[in-house]
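Text of my_file39.cif (mmCIF, C-alpha atoms and all ligand atoms) as supplied:
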```
data_run
#
loop_
_atom_site.label_atom_id
_atom_site.label_comp_id
_atom_site.auth_asym_id
_atom_site.auth_seq_id
_atom_site.Cartn_x
_atom_site.Cartn_y
_atom_site.Cartn_z
CA MET A 11 -45.75 -21.45 83.68
CA LYS A 12 -46.63 -17.98 82.39
CA GLY A 13 -44.20 -15.11 81.96
CA HIS A 14 -43.31 -11.87 80.23
CA PHE A 15 -40.67 -11.86 77.57
CA TYR A 16 -39.02 -9.26 75.35
CA LYS A 17 -37.63 -9.68 71.87
CA TYR A 18 -34.38 -7.88 70.99
CA GLN A 19 -32.17 -7.86 67.90
CA GLY A 20 -28.61 -6.72 67.26
CA THR A 21 -27.91 -6.47 63.51
CA GLY A 22 -30.48 -9.17 62.96
CA ASN A 23 -29.14 -11.66 65.53
CA ASP A 24 -32.36 -12.02 67.53
CA PHE A 25 -33.05 -13.06 71.10
CA VAL A 26 -35.84 -13.79 73.55
CA VAL A 27 -34.86 -11.77 76.63
CA ILE A 28 -36.32 -12.44 80.08
CA ASP A 29 -36.01 -10.56 83.38
CA ASN A 30 -35.13 -13.43 85.73
CA ARG A 31 -34.20 -11.38 88.79
CA SER A 32 -36.86 -13.31 90.73
CA LEU A 33 -35.35 -16.61 89.46
CA PHE A 34 -38.81 -17.80 88.27
CA PHE A 35 -37.46 -19.24 85.00
CA ASP A 36 -36.61 -22.99 84.84
CA LYS A 37 -33.09 -23.05 83.36
CA THR A 38 -32.94 -26.86 83.42
CA ASN A 39 -35.74 -27.37 80.86
CA ASN A 40 -33.73 -27.30 77.61
CA LYS A 41 -36.70 -28.54 75.55
CA ASN A 42 -38.77 -25.60 76.70
CA ILE A 43 -36.00 -23.09 75.90
CA ALA A 44 -35.65 -24.60 72.41
CA LYS A 45 -39.43 -24.35 71.96
CA LEU A 46 -39.47 -20.67 72.97
CA CYS A 47 -36.78 -20.07 70.30
CA ASP A 48 -38.60 -22.10 67.65
CA ARG A 49 -39.78 -19.87 64.79
CA ARG A 50 -42.97 -21.91 64.20
CA PHE A 51 -43.96 -23.36 67.59
CA GLY A 52 -42.60 -20.57 69.82
CA ILE A 53 -41.58 -16.91 69.78
CA GLY A 54 -38.63 -17.48 67.45
CA ALA A 55 -35.02 -16.44 68.07
CA ASP A 56 -31.35 -17.37 67.61
CA GLY A 57 -31.03 -17.60 71.40
CA LEU A 58 -32.58 -16.87 74.79
CA ILE A 59 -31.00 -14.61 77.42
CA LEU A 60 -31.80 -14.24 81.11
CA LEU A 61 -30.96 -11.11 83.10
CA GLU A 62 -30.28 -12.09 86.71
CA ASN A 63 -29.09 -10.31 89.86
CA HIS A 64 -25.37 -10.39 90.69
CA PRO A 65 -24.03 -10.01 94.26
CA THR A 66 -21.51 -7.24 93.40
CA LEU A 67 -21.97 -6.23 89.74
CA ASP A 68 -24.93 -4.65 87.89
CA PHE A 69 -26.32 -7.98 86.64
CA LYS A 70 -25.53 -11.44 85.30
CA MET A 71 -26.17 -12.64 81.72
CA VAL A 72 -27.16 -16.27 81.14
CA TYR A 73 -27.18 -17.31 77.48
CA PHE A 74 -28.79 -20.29 75.69
CA ASN A 75 -28.52 -21.12 71.99
CA ALA A 76 -31.70 -21.79 69.97
CA ASP A 77 -31.14 -25.53 70.56
CA GLY A 78 -31.96 -24.90 74.24
CA ARG A 79 -28.45 -25.49 75.58
CA GLU A 80 -26.49 -22.99 77.64
CA SER A 81 -23.49 -21.91 75.60
CA SER A 82 -20.40 -19.76 75.52
CA MET A 83 -20.40 -15.96 75.12
CA CYS A 84 -22.76 -14.20 72.73
CA GLY A 85 -21.52 -10.74 71.68
CA ASN A 86 -24.72 -9.49 70.06
CA GLY A 87 -26.70 -10.96 72.95
CA GLY A 88 -24.38 -9.11 75.34
CA ARG A 89 -25.16 -5.85 73.56
CA CYS A 90 -28.92 -6.62 73.69
CA ILE A 91 -28.88 -7.45 77.43
CA VAL A 92 -27.16 -4.09 78.09
CA ALA A 93 -30.01 -2.32 76.21
CA PHE A 94 -32.50 -4.41 78.26
CA ALA A 95 -30.77 -3.51 81.56
CA LYS A 96 -31.03 0.17 80.60
CA PHE A 97 -34.74 -0.32 79.70
CA LEU A 98 -35.35 -1.91 83.15
CA ASP A 99 -33.45 0.95 84.89
CA VAL A 100 -30.96 -1.59 86.26
CA ILE A 101 -28.16 0.56 84.78
CA GLU A 102 -27.61 4.09 83.49
CA ASN A 103 -25.18 4.55 80.59
CA LYS A 104 -22.23 2.47 81.76
CA THR A 105 -22.14 -0.99 83.25
CA THR A 106 -20.03 -3.94 84.33
CA PHE A 107 -21.76 -7.32 84.27
CA GLU A 108 -20.85 -10.99 84.42
CA ALA A 109 -21.24 -13.46 81.55
CA ILE A 110 -19.99 -17.03 81.12
CA ASP A 111 -16.55 -15.86 79.91
CA GLY A 112 -16.01 -13.34 82.73
CA LEU A 113 -16.67 -9.65 83.35
CA HIS A 114 -17.70 -7.24 80.58
CA ASN A 115 -17.73 -3.46 80.58
CA ALA A 116 -20.26 -1.77 78.32
CA GLU A 117 -21.62 1.66 77.41
CA ILE A 118 -24.94 2.61 75.84
CA ASP A 119 -25.85 5.80 73.96
CA ALA A 120 -29.37 5.78 72.44
CA ASN A 121 -29.50 2.37 70.68
CA ILE A 122 -25.73 2.03 70.16
CA VAL A 123 -24.06 -0.39 72.57
CA LYS A 124 -20.29 -0.74 72.99
CA LEU A 125 -19.35 -4.02 74.63
CA GLN A 126 -15.84 -4.85 75.82
CA MET A 127 -14.84 -8.36 74.79
CA THR A 128 -12.44 -10.76 76.45
CA ASP A 129 -8.70 -10.35 75.60
CA VAL A 130 -7.30 -12.72 72.97
CA SER A 131 -3.72 -13.98 73.08
CA VAL A 132 -3.88 -17.11 70.90
CA ILE A 133 -4.75 -17.10 67.20
CA GLN A 134 -4.02 -20.40 65.47
CA THR A 135 -3.11 -20.04 61.79
CA PHE A 136 -3.61 -22.83 59.23
CA LYS A 137 -3.25 -22.92 55.43
CA ASN A 138 -6.80 -21.79 54.63
CA HIS A 139 -8.21 -20.54 57.92
CA GLN A 140 -7.55 -19.19 61.41
CA PHE A 141 -9.07 -20.35 64.70
CA LEU A 142 -9.52 -18.26 67.83
CA ASP A 143 -11.73 -17.94 70.90
CA THR A 144 -13.34 -14.54 71.47
CA GLY A 145 -15.60 -15.84 74.26
CA SER A 146 -16.91 -18.42 71.77
CA PRO A 147 -14.86 -20.57 69.35
CA HIS A 148 -14.53 -19.25 65.79
CA HIS A 149 -13.19 -20.66 62.52
CA VAL A 150 -12.37 -17.75 60.16
CA GLN A 151 -11.91 -18.39 56.44
CA LEU A 152 -11.50 -16.03 53.47
CA VAL A 153 -13.64 -17.05 50.47
CA GLU A 154 -14.31 -16.01 46.87
CA ASN A 155 -17.92 -15.34 45.83
CA ILE A 156 -19.24 -14.92 49.37
CA ASP A 157 -22.71 -13.96 48.10
CA ASP A 158 -23.14 -17.26 46.25
CA LEU A 159 -21.94 -19.42 49.13
CA ASP A 160 -24.32 -21.92 50.76
CA VAL A 161 -23.33 -21.01 54.33
CA LYS A 162 -25.57 -23.64 55.94
CA VAL A 163 -24.10 -26.54 53.93
CA ASN A 164 -20.46 -25.38 53.93
CA GLY A 165 -20.60 -24.16 57.54
CA ALA A 166 -22.07 -27.45 58.81
CA GLN A 167 -19.34 -29.46 57.04
CA ILE A 168 -16.64 -27.47 58.87
CA ARG A 169 -18.50 -27.27 62.22
CA TYR A 170 -19.03 -31.05 62.41
CA GLY A 171 -15.72 -32.00 60.74
CA GLU A 172 -12.18 -32.45 62.07
CA PRO A 173 -10.90 -31.07 64.44
CA TYR A 174 -14.12 -29.59 65.88
CA ASN A 175 -16.43 -32.65 65.77
CA GLU A 176 -19.35 -32.74 68.26
CA THR A 177 -18.12 -29.80 70.41
CA GLY A 178 -18.12 -27.73 67.24
CA SER A 179 -17.11 -24.24 66.27
CA ASN A 180 -18.86 -21.27 64.78
CA VAL A 181 -17.75 -20.71 61.18
CA ASN A 182 -17.16 -17.29 59.59
CA PHE A 183 -16.76 -16.82 55.84
CA VAL A 184 -15.04 -13.54 54.96
CA HIS A 185 -14.53 -11.30 51.93
CA GLN A 186 -12.30 -8.20 52.04
CA ILE A 187 -14.04 -5.04 50.80
CA SER A 188 -11.33 -2.42 51.52
CA SER A 189 -8.28 -1.91 53.75
CA ASP A 190 -10.41 -1.89 56.93
CA LYS A 191 -13.78 -3.29 55.86
CA PHE A 192 -14.86 -6.93 55.52
CA ARG A 193 -18.06 -8.72 54.63
CA VAL A 194 -18.87 -11.64 56.96
CA ARG A 195 -21.38 -14.50 56.83
CA THR A 196 -21.57 -16.77 59.88
CA TYR A 197 -22.77 -20.32 60.53
CA GLU A 198 -23.64 -20.51 64.23
CA ARG A 199 -23.19 -23.59 66.34
CA GLY A 200 -26.32 -24.21 68.45
CA VAL A 201 -28.52 -22.54 65.84
CA GLU A 202 -27.04 -24.91 63.22
CA ASP A 203 -27.72 -22.43 60.44
CA GLU A 204 -26.55 -19.09 59.10
CA THR A 205 -27.56 -16.20 61.35
CA LEU A 206 -27.76 -12.59 60.15
CA SER A 207 -24.87 -11.54 62.40
CA CYS A 208 -22.60 -12.87 65.15
CA GLY A 209 -20.84 -10.53 67.61
CA THR A 210 -18.10 -12.87 68.82
CA GLY A 211 -17.76 -13.89 65.14
CA VAL A 212 -17.08 -10.40 63.77
CA THR A 213 -14.69 -9.85 66.69
CA ALA A 214 -12.81 -13.00 65.62
CA VAL A 215 -12.78 -11.86 61.99
CA ALA A 216 -11.38 -8.39 62.84
CA LEU A 217 -8.57 -9.86 64.98
CA ALA A 218 -7.77 -12.65 62.50
CA MET A 219 -7.62 -10.19 59.59
CA HIS A 220 -5.27 -7.95 61.59
CA ASN A 221 -3.17 -10.91 62.72
CA SER A 222 -2.71 -12.14 59.14
CA GLY A 223 -1.83 -8.66 57.82
CA LYS A 224 -5.01 -8.20 55.75
CA THR A 225 -5.61 -4.95 57.63
CA ALA A 226 -3.27 -2.67 59.56
CA SER A 227 -6.13 -0.72 61.14
CA ASN A 228 -7.13 -0.93 64.82
CA LYS A 229 -10.70 -0.10 63.86
CA VAL A 230 -12.32 -2.62 61.54
CA VAL A 231 -15.81 -2.42 60.01
CA LEU A 232 -17.70 -5.66 59.49
CA GLN A 233 -20.63 -5.88 57.12
CA THR A 234 -22.95 -8.71 58.18
CA GLN A 235 -26.19 -9.92 56.58
CA GLY A 236 -28.09 -7.86 59.19
CA GLY A 237 -26.08 -4.63 59.27
CA GLU A 238 -22.77 -3.06 60.15
CA LEU A 239 -20.68 -3.60 63.30
CA SER A 240 -17.27 -2.23 64.19
CA ILE A 241 -14.45 -3.54 66.32
CA THR A 242 -11.70 -1.47 67.94
CA PHE A 243 -8.72 -2.98 69.74
CA LYS A 244 -5.11 -2.63 70.87
CA GLU A 245 -2.42 -5.10 69.83
CA ASN A 246 0.94 -5.80 71.42
CA ASN A 247 3.13 -8.69 70.21
CA GLY A 248 0.16 -10.64 68.91
CA ARG A 249 -1.83 -10.10 72.11
CA TYR A 250 -5.15 -8.30 71.61
CA SER A 251 -6.71 -6.25 74.42
CA ASP A 252 -9.16 -3.40 74.97
CA ILE A 253 -11.42 -5.01 72.33
CA TRP A 254 -14.79 -3.30 71.82
CA LEU A 255 -17.74 -4.56 69.77
CA ILE A 256 -19.89 -1.59 68.67
CA GLY A 257 -23.32 -1.47 67.03
CA PRO A 258 -27.07 -1.12 67.45
CA ALA A 259 -29.28 -3.19 69.78
CA THR A 260 -33.03 -2.74 69.57
CA GLN A 261 -36.14 -3.87 71.43
CA VAL A 262 -38.53 -5.29 68.84
CA PHE A 263 -41.58 -6.26 70.90
CA LYS A 264 -42.71 -7.62 74.26
CA GLY A 265 -45.33 -10.18 75.20
CA GLU A 266 -46.57 -12.85 77.53
CA ILE A 267 -46.35 -16.56 76.89
CA GLU A 268 -47.55 -19.67 78.68
CA TRP A 269 -45.32 -22.73 78.61
N1 LIG A 301 -24.59 -15.06 68.28
C1 LIG A 301 -23.49 -15.07 69.14
C2 LIG A 301 -22.71 -16.30 69.37
C3 LIG A 301 -23.52 -17.25 70.24
C4 LIG A 301 -22.76 -18.44 70.71
C5 LIG A 301 -22.54 -19.42 69.62
N2 LIG A 301 -23.70 -19.81 68.90
C6 LIG A 301 -21.81 -20.63 70.24
O1 LIG A 301 -22.47 -21.54 70.75
O2 LIG A 301 -20.58 -20.64 70.22
C7 LIG A 301 -22.70 -13.79 69.11
O3 LIG A 301 -23.26 -12.75 68.75
O4 LIG A 301 -21.55 -13.79 69.53
#
```

Taking this structure as input, can you express it in the form of structure tokens?
Ligand SMILES: N[C@@H](CCC[C@H](N)C(=O)O)C(=O)O
Amino acid sequence: MKGHFYKYQGTGNDFVVIDNRSLFFDKTNNKNIAKLCDRRFGIGADGLILLENHPTLDFKMVYFNADGRESSMCGNGGRCIVAFAKFLDVIENKTTFEAIDGLHNAEIDANIVKLQMTDVSVIQTFKNHQFLDTGSPHHVQLVENIDDLDVKVNGAQIRYGEPYNETGSNVNFVHQISSDKFRVRTYERGVEDETLSCGTGVTAVALAMHNSGKTASNKVVLQTQGGELSITFKENNGRYSDIWLIGPATQVFKGEIEW
């Protein structure tokens, strides 16, 4: 099979993006998807995203991790697919599309994409960490010396350990910089390594830091390895709504590949 692909990145979280409105792409071939994401034998990416037609909305997003398996929501991927939909003239500056966790509203202005995330009403608090689902599962843990941390080793221990086991969780290590700014490093399930940024991850960090009283602000800035993202939200009795993930999404290159 031969096809066109595009490469996008959102604060360094990078994706192979394919226009699958004709449904030409074989979604059942996980080995092939993993190969396309392989940084030595393929194009190289943290994940692969398909843009497909939707019967009533602007489009549908289908997301696969770099391991080739379809997974839960990807926030940076969601921002990249909005930029891709704009590039294809599928949308203008505002959109509503469907992803695995439900409907998402989004807005694009130049290369800045604002993506509305799913509401969060449950944040589990433990002695050293918090756990919440922002479309994908996230373990959030404050750490000392974040720059010296081996995120791959420490993240994998948590991701494969109790209570997550095989199903796993993404793992976010956090350091507070100021009253409304945090540095975040994320180990991503399905990539099984540190990625430069994770959209559902920084969303989880912003809400967890608000929930635990580390910030009182409804706008939180998150410094990732690949750049800055911000999260705005409303909170009522521990229930978070109107959550927006905001940051750049950029087309890097396009090409054709035979597989
Ligand atoms: N990079 C993503 C998260 C992608 C999903 C994750 N790896 C999982 O399987 O839970 C993001 O930007 O949110």

If you measure from atom CA of A:Arg49 to atom CA of A:Arg169, what distance in Å do you get, rounded to one decimal? 22.7 Å

Set the cut-off to 9 Å, count only C-alpha atoms and all ligand atoms, and list whatever residues fall near ligand LIG 301 (chain A) as a ChimeraX atom specification. /A:20,23-24,56-57,73-76,79-89,144-148,178-180,197-202,205,207-213

So that I can check the surroundings of stretch 118-122 of chain A, please list as number ranges by chain every protein, DNA and RNA residue that reaches within 9 Å of it, counting all atoms listed in the file and ignoring chain neighbours fewer than 4 positions away. A: 89, 92-93, 96, 102-105, 256-260

Have a look at atom CA of A:His14 and atom CA of A:Arg50 and let me know their distance in Å, one decimal.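 Atom CA of A:Arg50 lies at a distance of 18.9 Å from atom CA of A:His14.
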
Atom CA of A:Met71 to atom CA of A:Lys12 measures 21.2 Å

So, counting all atoms listed in the file, which residue among A:Ile267, A:Val230, A:Leu217, A:Val161 is closest to A:Thr196?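 With all atoms listed in the file as the atom set, the closest residue is A:Val161.
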
Using all atoms listed in the file, which of A:Asn115, A:Gln186, A:Asn42, A:Ser251 sits nearest A:Thr225? A:Gln186

List the neighbours of A:Met127 out to 7 Å using all atoms listed in the file; skip same-chain residues closer than 6 positions along the sequence, and give me the result as a ChimeraX atom specification. /A:114,253-255

Could you take the residues named above and write them with C-alpha atoms, as a PDB file, keeping the file's coordinate frame?
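The new file again_31.pdb reads:
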```pdb
ATOM      1  CA  HIS A 114     -17.700  -7.240  80.580  1.00  0.00           C
ATOM      2  CA  ILE A 253     -11.420  -5.010  72.330  1.00  0.00           C
ATOM      3  CA  TRP A 254     -14.790  -3.300  71.820  1.00  0.00           C
ATOM      4  CA  LEU A 255     -17.740  -4.560  69.770  1.00  0.00           C
TER       5      LEU A 255
END
```

Could you tell me which of A:Ile241, A:Val150, A:Ile168, A:Met219 comes closest to A:Asn182 if we count only C-alpha atoms? A:Val150

Pick from A:Lys224, A:Asp203, A:Cys47, A:Phe15 nearest to A:Gln167, counting only C-alpha atoms: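 Residue with the minimum atom-to-atom distance to A:Gln167: A:Asp203.
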
Skipping near chain neighbours, those fewer than 6 positions away, what residues fall within 9 Å of A:Ile101 using only C-alpha atoms, listed as a VMD selection string? chain A and resid 68 to 69 92 95

Can you pull out the residues contacting A:Ile187? Cut-off 10 Å, using only C-alpha atoms, and skip same-chain residues under 4 positions away; I want them as a short mmCIF file (atom, residue, chain, number, x, y, z; two decimals) with C-alpha atoms, keeping the file's coordinate frame.
```cif
data_model
loop_
_atom_site.label_atom_id
_atom_site.label_comp_id
_atom_site.auth_asym_id
_atom_site.auth_seq_id
_atom_site.Cartn_x
_atom_site.Cartn_y
_atom_site.Cartn_z
CA LYS A 191 -13.78 -3.29 55.86
CA PHE A 192 -14.86 -6.93 55.52
CA ARG A 193 -18.06 -8.72 54.63
CA VAL A 231 -15.81 -2.42 60.01
CA LEU A 232 -17.70 -5.66 59.49
CA GLN A 233 -20.63 -5.88 57.12
#
```

Nearby residues (only C-alpha atoms) at most 9 Å from A:Arg31, same-chain spacing under 3 positions excluded, as a ChimeraX atom specification: /A:34,60-63,69

For stretch 34-50 of chain A, supply N, CA and C atoms and format the output as a short mmCIF file (atom, residue, chain, number, x, y, z; two decimals), in the frame of the given file.
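And here's out.cif as it stands now:
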```cif
data_model
loop_
_atom_site.label_atom_id
_atom_site.label_comp_id
_atom_site.auth_asym_id
_atom_site.auth_seq_id
_atom_site.Cartn_x
_atom_site.Cartn_y
_atom_site.Cartn_z
N PHE A 34 -37.62 -17.00 88.54
CA PHE A 34 -38.81 -17.80 88.27
C PHE A 34 -38.60 -18.78 87.11
N PHE A 35 -37.61 -18.50 86.25
CA PHE A 35 -37.46 -19.24 85.00
C PHE A 35 -36.71 -20.56 85.23
N ASP A 36 -37.25 -21.67 84.68
CA ASP A 36 -36.61 -22.99 84.84
C ASP A 36 -35.50 -23.16 83.79
N LYS A 37 -34.25 -22.99 84.26
CA LYS A 37 -33.09 -23.05 83.36
C LYS A 37 -32.72 -24.48 82.98
N THR A 38 -33.34 -25.47 83.67
CA THR A 38 -32.94 -26.86 83.42
C THR A 38 -33.76 -27.47 82.28
N ASN A 39 -34.85 -26.80 81.87
CA ASN A 39 -35.74 -27.37 80.86
C ASN A 39 -35.29 -26.94 79.45
N ASN A 40 -34.29 -27.66 78.91
CA ASN A 40 -33.73 -27.30 77.61
C ASN A 40 -34.75 -27.39 76.47
N LYS A 41 -35.67 -28.36 76.59
CA LYS A 41 -36.70 -28.54 75.55
C LYS A 41 -37.59 -27.31 75.47
N ASN A 42 -37.92 -26.78 76.64
CA ASN A 42 -38.77 -25.60 76.70
C ASN A 42 -38.07 -24.37 76.12
N ILE A 43 -36.77 -24.24 76.43
CA ILE A 43 -36.00 -23.09 75.90
C ILE A 43 -35.94 -23.18 74.38
N ALA A 44 -35.69 -24.41 73.87
CA ALA A 44 -35.65 -24.60 72.41
C ALA A 44 -37.01 -24.27 71.79
N LYS A 45 -38.09 -24.62 72.49
CA LYS A 45 -39.43 -24.35 71.96
C LYS A 45 -39.70 -22.84 71.92
N LEU A 46 -39.29 -22.13 72.96
CA LEU A 46 -39.47 -20.67 72.97
C LEU A 46 -38.73 -20.03 71.79
N CYS A 47 -37.58 -20.62 71.42
CA CYS A 47 -36.78 -20.07 70.30
C CYS A 47 -37.26 -20.56 68.94
N ASP A 48 -38.14 -21.55 68.92
CA ASP A 48 -38.60 -22.10 67.65
C ASP A 48 -39.43 -21.07 66.88
N ARG A 49 -39.12 -20.93 65.58
CA ARG A 49 -39.78 -19.87 64.79
C ARG A 49 -41.20 -20.26 64.36
N ARG A 50 -41.60 -21.52 64.55
CA ARG A 50 -42.97 -21.91 64.20
C ARG A 50 -43.80 -22.26 65.43
#
```
